[in-house]
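**Q** File name coords03.json; file contents JSON, C-alpha atoms and all ligand atoms; full text below.
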```
[["chain", "number", "residue", "atom", "x", "y", "z"],
["F", 657, "MET", "CA", 1.61, 1.09, 25.96],
["F", 658, "PRO", "CA", 2.61, 0.60, 22.34],
["F", 659, "THR", "CA", -0.02, 0.49, 19.66],
["F", 660, "TYR", "CA", 0.39, -1.83, 16.72],
["F", 661, "PRO", "CA", -1.44, -1.20, 13.48],
["F", 662, "TYR", "CA", -2.99, -4.26, 11.93],
["F", 663, "ARG", "CA", -5.00, -5.05, 8.86],
["F", 664, "CYS", "CA", -7.59, -7.80, 8.80],
["F", 665, "LEU", "CA", -7.12, -10.13, 5.86],
["F", 666, "ASN", "CA", -10.61, -11.45, 6.33],
["F", 667, "CYS", "CA", -12.74, -8.28, 6.21],
["F", 668, "GLY", "CA", -10.04, -5.86, 5.03],
["F", 669, "LYS", "CA", -10.56, -3.37, 7.88],
["F", 670, "ARG", "CA", -7.69, -1.68, 9.65],
["F", 671, "PHE", "CA", -7.42, -1.42, 13.37],
["F", 672, "GLU", "CA", -4.92, -0.86, 16.14],
["F", 673, "VAL", "CA", -4.13, -3.09, 19.05],
["F", 674, "PHE", "CA", -2.53, -2.19, 22.34],
["F", 675, "ILE", "CA", 0.00, -4.82, 23.27],
["F", 676, "PRO", "CA", 2.47, -4.59, 26.14],
["F", 677, "TYR", "CA", 6.04, -5.19, 25.00],
["F", 678, "ASP", "CA", 6.38, -8.41, 26.94],
["F", 679, "GLU", "CA", 3.24, -9.81, 25.40],
["F", 680, "TYR", "CA", 3.99, -8.89, 21.84],
["F", 681, "GLY", "CA", 4.39, -12.03, 19.74],
["F", 682, "LYS", "CA", 2.82, -14.21, 22.39],
["F", 683, "ARG", "CA", -0.63, -12.84, 22.18],
["F", 684, "THR", "CA", -3.07, -13.79, 19.46],
["F", 685, "VAL", "CA", -4.32, -10.70, 17.72],
["F", 686, "THR", "CA", -7.86, -10.82, 16.42],
["F", 687, "CYS", "CA", -9.74, -8.41, 14.21],
["F", 688, "ALA", "CA", -11.61, -5.70, 16.09],
["F", 689, "TYR", "CA", -14.46, -5.95, 13.59],
["F", 690, "CYS", "CA", -14.97, -9.61, 12.74],
["F", 691, "SER", "CA", -12.77, -11.36, 15.35],
["F", 692, "SER", "CA", -10.84, -13.15, 12.64],
["F", 693, "GLU", "CA", -7.32, -14.26, 13.53],
["F", 694, "ASN", "CA", -6.34, -13.78, 9.93],
["F", 695, "VAL", "CA", -4.68, -10.43, 10.55],
["F", 696, "GLN", "CA", -1.46, -8.90, 9.35],
["F", 697, "ARG", "CA", 0.72, -6.36, 11.06],
["F", 698, "ARG", "CA", 1.05, -3.17, 9.05],
["F", 699, "ILE", "CA", 4.47, -1.61, 8.83],
["F", 700, "VAL", "CA", 4.19, 2.09, 9.40],
["F", 701, "ARG", "CA", 7.13, 4.39, 8.96],
["F", 702, "VAL", "CA", 5.85, 7.83, 9.64],
["F", 703, "ARG", "CA", 8.77, 9.92, 8.53],
["F", 704, "VAL", "CA", 9.12, 8.10, 5.24],
["F", 705, "ALA", "CA", 5.40, 8.26, 4.72],
["F", 706, "ARG", "CA", 5.33, 12.05, 4.94],
["F", 707, "SER", "CA", 7.91, 12.76, 2.27],
["F", 708, "GLU", "CA", 6.59, 9.86, 0.28],
["F", 709, "GLU", "CA", 3.14, 11.34, 0.19],
["F", 710, "SER", "CA", 4.22, 14.59, -1.41],
["F", 711, "ARG", "CA", 6.38, 12.75, -3.90],
["F", 712, "LEU", "CA", 3.56, 10.40, -4.75],
["F", 713, "GLU", "CA", 1.27, 13.36, -5.20],
["F", 714, "ASN", "CA", 3.62, 14.92, -7.72],
["F", 715, "LEU", "CA", 3.91, 11.69, -9.61],
["F", 716, "THR", "CA", 0.23, 10.89, -9.52],
["F", 717, "ASP", "CA", -0.71, 14.29, -10.89],
["F", 718, "PRO", "CA", -3.56, 13.48, -13.31],
["F", 719, "SER", "CA", -1.97, 15.30, -16.22],
["F", 720, "VAL", "CA", 1.25, 13.35, -15.77],
["F", 721, "LEU", "CA", -0.65, 10.09, -15.69],
["F", 722, "GLU", "CA", -2.76, 11.09, -18.65],
["F", 723, "SER", "CA", 0.29, 11.74, -20.76],
["F", 724, "MET", "CA", 1.58, 8.32, -19.82],
["F", 725, "GLU", "CA", -1.67, 6.54, -20.38],
["F", 726, "ASP", "CA", -0.80, 5.58, -23.92],
["F", 727, "ASP", "CA", 2.58, 4.39, -22.85],
["F", 728, "PRO", "CA", 2.16, 1.76, -20.14],
["F", 729, "ARG", "CA", 5.81, 0.81, -20.27],
["F", 730, "ALA", "CA", 6.90, 4.36, -19.45],
["F", 731, "MET", "CA", 4.45, 4.40, -16.59],
["F", 732, "GLY", "CA", 5.68, 1.08, -15.28],
["F", 733, "LYS", "CA", 9.23, 2.31, -15.45],
["F", 734, "MET", "CA", 8.32, 5.46, -13.57],
["F", 735, "MET", "CA", 6.57, 3.47, -10.86],
["F", 736, "ARG", "CA", 9.47, 1.08, -10.50],
["F", 737, "GLN", "CA", 11.84, 4.00, -10.17],
["F", 738, "LEU", "CA", 9.63, 5.51, -7.53],
["F", 739, "SER", "CA", 9.54, 2.26, -5.62],
["F", 740, "ASN", "CA", 13.32, 1.87, -5.80],
["F", 741, "GLU", "CA", 13.84, 5.45, -4.76],
["F", 742, "LEU", "CA", 11.68, 5.06, -1.72],
["F", 743, "GLY", "CA", 13.46, 1.85, -0.80],
["F", 744, "GLU", "CA", 10.16, 0.46, 0.32],
["F", 745, "ASP", "CA", 8.40, -2.70, -0.59],
["F", 746, "MET", "CA", 5.20, -1.26, -1.97],
["F", 747, "GLY", "CA", 3.42, -4.56, -1.67],
["F", 748, "PRO", "CA", 2.50, -7.34, -4.05],
["F", 749, "GLU", "CA", -0.26, -5.36, -5.79],
["F", 750, "PHE", "CA", 2.10, -2.54, -6.62],
["F", 751, "ASN", "CA", 4.67, -4.94, -8.05],
["F", 752, "GLU", "CA", 1.94, -6.69, -9.95],
["F", 753, "VAL", "CA", 0.89, -3.41, -11.53],
["F", 754, "ILE", "CA", 4.46, -2.58, -12.52],
["F", 755, "ASP", "CA", 4.91, -5.99, -14.10],
["F", 756, "ARG", "CA", 1.70, -5.58, -16.06],
["F", 757, "LEU", "CA", 2.58, -2.05, -17.17],
["F", 758, "GLU", "CA", 6.02, -3.10, -18.28],
["F", 759, "SER", "CA", 4.55, -5.89, -20.32],
["F", 760, "GLY", "CA", 2.47, -3.23, -22.08],
["F", 761, "GLN", "CA", -0.93, -3.72, -20.47],
["F", 762, "HIS", "CA", -3.16, -0.66, -20.45],
["F", 763, "PRO", "CA", -3.65, 0.95, -16.99],
["F", 764, "GLU", "CA", -7.42, 0.84, -17.34],
["F", 765, "GLU", "CA", -7.32, -2.87, -18.00],
["F", 766, "ILE", "CA", -5.13, -3.38, -14.96],
["F", 767, "GLU", "CA", -7.55, -1.41, -12.82],
["F", 768, "LYS", "CA", -10.39, -3.59, -14.00],
["F", 769, "GLU", "CA", -8.53, -6.77, -13.27],
["F", 770, "LEU", "CA", -7.23, -5.60, -9.91],
["F", 771, "PRO", "CA", -10.24, -3.95, -8.27],
["F", 772, "ASP", "CA", -8.54, -3.73, -4.88],
["F", 773, "LEU", "CA", -6.19, -1.05, -6.12],
["F", 774, "GLY", "CA", -6.57, 2.55, -5.12],
["F", 775, "GLY", "CA", -6.70, 2.12, -1.37],
["F", 776, "GLY", "CA", -2.95, 2.30, -1.10],
["F", 777, "GLY", "CA", -2.57, 6.05, -0.92],
["F", 778, "ASP", "CA", -3.98, 6.49, 2.54],
["F", 779, "ASP", "CA", -2.38, 3.39, 3.87],
["F", 780, "LEU", "CA", 0.54, 5.05, 5.59],
["F", 781, "GLY", "CA", 0.40, 7.25, 8.63],
["F", 782, "ASP", "CA", -3.18, 8.42, 8.26],
["F", 783, "ASP", "CA", -4.27, 7.19, 11.65],
["F", 784, "LEU", "CA", -1.31, 8.15, 13.76],
["G", 1, "ZN", "ZN", -11.96, -8.51, 10.22]]
```
Can I see the file as structure tokens?
Ligand SMILES: [Zn+2]
**A**
Amino acid sequence: MPTYPYRCLNCGKRFEVFIPYDEYGKRTVTCAYCSSENVQRRIVRVRVARSEESRLENLTDPSVLESMEDDPRAMGKMMRQLSNELGEDMGPEFNEVIDRLESGQHPEEIEKELPDLGGGGDDLGDDL
């Protein structure tokens, strides 16, 4: 039986649901933790995620980021390139960060204003 990864938009937890093919789309999926129906299917592409991870690691090397810290626009450009290269929609937060960087906002400020950031790295393929 296929397993579908979901994320609860209510409590933020991730969980998986077994749904038979013929029931998929008909069945109401609820959060395994809080029973909320406010859940979102996560798109998981394992093969992409693997190569992505190593590339992201290279690019998120602390020394690289440090050298870019005083140049938010360069960092934003790098992140946009990365996103384009991967051909993936990195999500609204990621795009938000890029927009802010490209407008010259300091990364630390962005982190403060967007406290939900940082959980993205383990979002793909970690529970497969
Ligand atoms: Zn929940």
**Q** Write out as an mmCIF file with C-alpha atoms, in the coordinates of the input each polymer residue (protein, DNA or RNA) that has an atom no more than 10 Å from ligand ZN 1 (chain G), with all atoms listed in the file counted.
**A**
```
data_model
loop_
_atom_site.group_PDB
_atom_site.id
_atom_site.type_symbol
_atom_site.label_atom_id
_atom_site.label_comp_id
_atom_site.auth_asym_id
_atom_site.auth_seq_id
_atom_site.Cartn_x
_atom_site.Cartn_y
_atom_site.Cartn_z
ATOM 1 C CA ARG F 663 -5.000 -5.050 8.860
ATOM 2 C CA CYS F 664 -7.590 -7.800 8.800
ATOM 3 C CA LEU F 665 -7.120 -10.130 5.860
ATOM 4 C CA ASN F 666 -10.610 -11.450 6.330
ATOM 5 C CA CYS F 667 -12.740 -8.280 6.210
ATOM 6 C CA GLY F 668 -10.040 -5.860 5.030
ATOM 7 C CA LYS F 669 -10.560 -3.370 7.880
ATOM 8 C CA ARG F 670 -7.690 -1.680 9.650
ATOM 9 C CA PHE F 671 -7.420 -1.420 13.370
ATOM 10 C CA THR F 686 -7.860 -10.820 16.420
ATOM 11 C CA CYS F 687 -9.740 -8.410 14.210
ATOM 12 C CA ALA F 688 -11.610 -5.700 16.090
ATOM 13 C CA TYR F 689 -14.460 -5.950 13.590
ATOM 14 C CA CYS F 690 -14.970 -9.610 12.740
ATOM 15 C CA SER F 691 -12.770 -11.360 15.350
ATOM 16 C CA SER F 692 -10.840 -13.150 12.640
ATOM 17 C CA GLU F 693 -7.320 -14.260 13.530
ATOM 18 C CA ASN F 694 -6.340 -13.780 9.930
ATOM 19 C CA VAL F 695 -4.680 -10.430 10.550
#
```
**Q** Between CA of Thr684 in chain F and CA of Phe750 in chain F, what is the spacing in Å?
**A**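 Interatomic distance, CA of Phe750 in chain F to CA of Thr684 in chain F: 28.9 Å.
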**Q** Which of these, F:Pro658, F:Arg729, F:Gln737, F:Leu770, has the shortest distance to Glu749 in chain F once you count all atoms listed in the file?
**A** F:Leu770
**Q** What is the distance between CA of Ile699 in chain F and CA of Glu767 in chain F, in Å to one decimal?
**A**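 Spanning CA of Ile699 in chain F to CA of Glu767 in chain F is a straight-line distance of 24.8 Å.
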